[in-house]
Amino acid sequence: MSIKGNNQLEIKFMYENNRLLTISEASQRLHLPKHTLRFWEKEFDGLFIPEKTQGGQRRYTHQNIMVIEEIKNLRNKGMSLSDIKRELHHGYRGESSNKIDLLAHRVAEVVKVEVYNFFKE
């Protein structure tokens with residue numbers, strides 16, 4: 001196998017382990033209805049922002065799933081949405097470096113997808 005072939009396998013492996021989930025896949029994994037995911041995306045403005053395809057379809061990163069799981073856990077403990085917002089915004093947005101970290105993570109996810117698509121062709 002050529003070097004290019006090995007690189008493609010490595011990139012494919014990386015992409016599959018960090019792959020983005022569709023809203024249906026995220027809904028199934030989290031045991032939440034799709035409309036709840038859409039609502040929470042708006043309600044928790046900026047805490048998790050799914051990637052969007054050119055067609056506008058949502059794609060959820062591992063980090064998005066982790067934030068949504070935290071919201072779900074707090075909700076299951078009986079916390080109101082306003083209390084959850086206050087707690088998570090304080091934890092995730094308390095410092096400006098957190099915003100930079102979130103942006104850097106989103107950029108890295110986009111680059112991974114683009115590199116994978118480049119080598120896929």
# chains A, B, ... in the order shown; residues from 1 in each chain; ligands from 1
>>> residues_around(residues="stretch 34-45 of chain A", least_positions_apart="4", cutoff="7 Å", atoms="only C-alpha atoms", output="CSV table (one decimal) with N, CA and C atoms, in the first residue's frame")
chain,number,residue,atom,x,y,z
A,23,ILE,N,-28.6,15.1,13.5
A,23,ILE,CA,-29.6,15.3,14.6
A,23,ILE,C,-30.3,14.0,15.0
A,24,SER,N,-30.5,13.1,14.0
A,24,SER,CA,-31.2,11.8,14.3
A,24,SER,C,-30.3,11.0,15.1
A,27,SER,N,-30.1,12.5,18.6
A,27,SER,CA,-31.3,12.2,19.3
A,27,SER,C,-31.4,10.8,19.8
A,49,ILE,N,-23.1,24.8,19.8
A,49,ILE,CA,-23.5,25.2,18.5
A,49,ILE,C,-23.1,24.1,17.5
A,85,LYS,N,-29.2,27.3,32.8
A,85,LYS,CA,-28.5,28.4,32.0
A,85,LYS,C,-27.5,29.1,32.9
>>> closest_residue(among="A:Phe48, A:Leu32, A:Glu25, A:Thr53", to="A:Glu114", atoms="only C-alpha atoms")
A:Thr53
>>> atom_distance(atom1="atom CA of A:Thr22", atom2="atom CA of A:Glu69")
15.9 Å
>>> closest_residue(among="A:Arg19, A:Arg75, A:His105, A:His89", to="A:Leu47", atoms="only C-alpha atoms")
A:His89
>>> closest_residue(among="A:Leu21, A:Asn76, A:Gly46, A:Gln57", to="A:Leu103", atoms="only C-alpha atoms")
A:Gly46
>>> select_by_dssp(residues="stretch 36-97 of chain A", states="strand (DSSP E or B)", output="PyMOL selection string")
chain A and resi 51-52+58-60
>>> closest_residue(among="A:Ser82, A:Leu30, A:Pro50, A:Thr61", to="A:Glu109", atoms="only C-alpha atoms")
A:Thr61
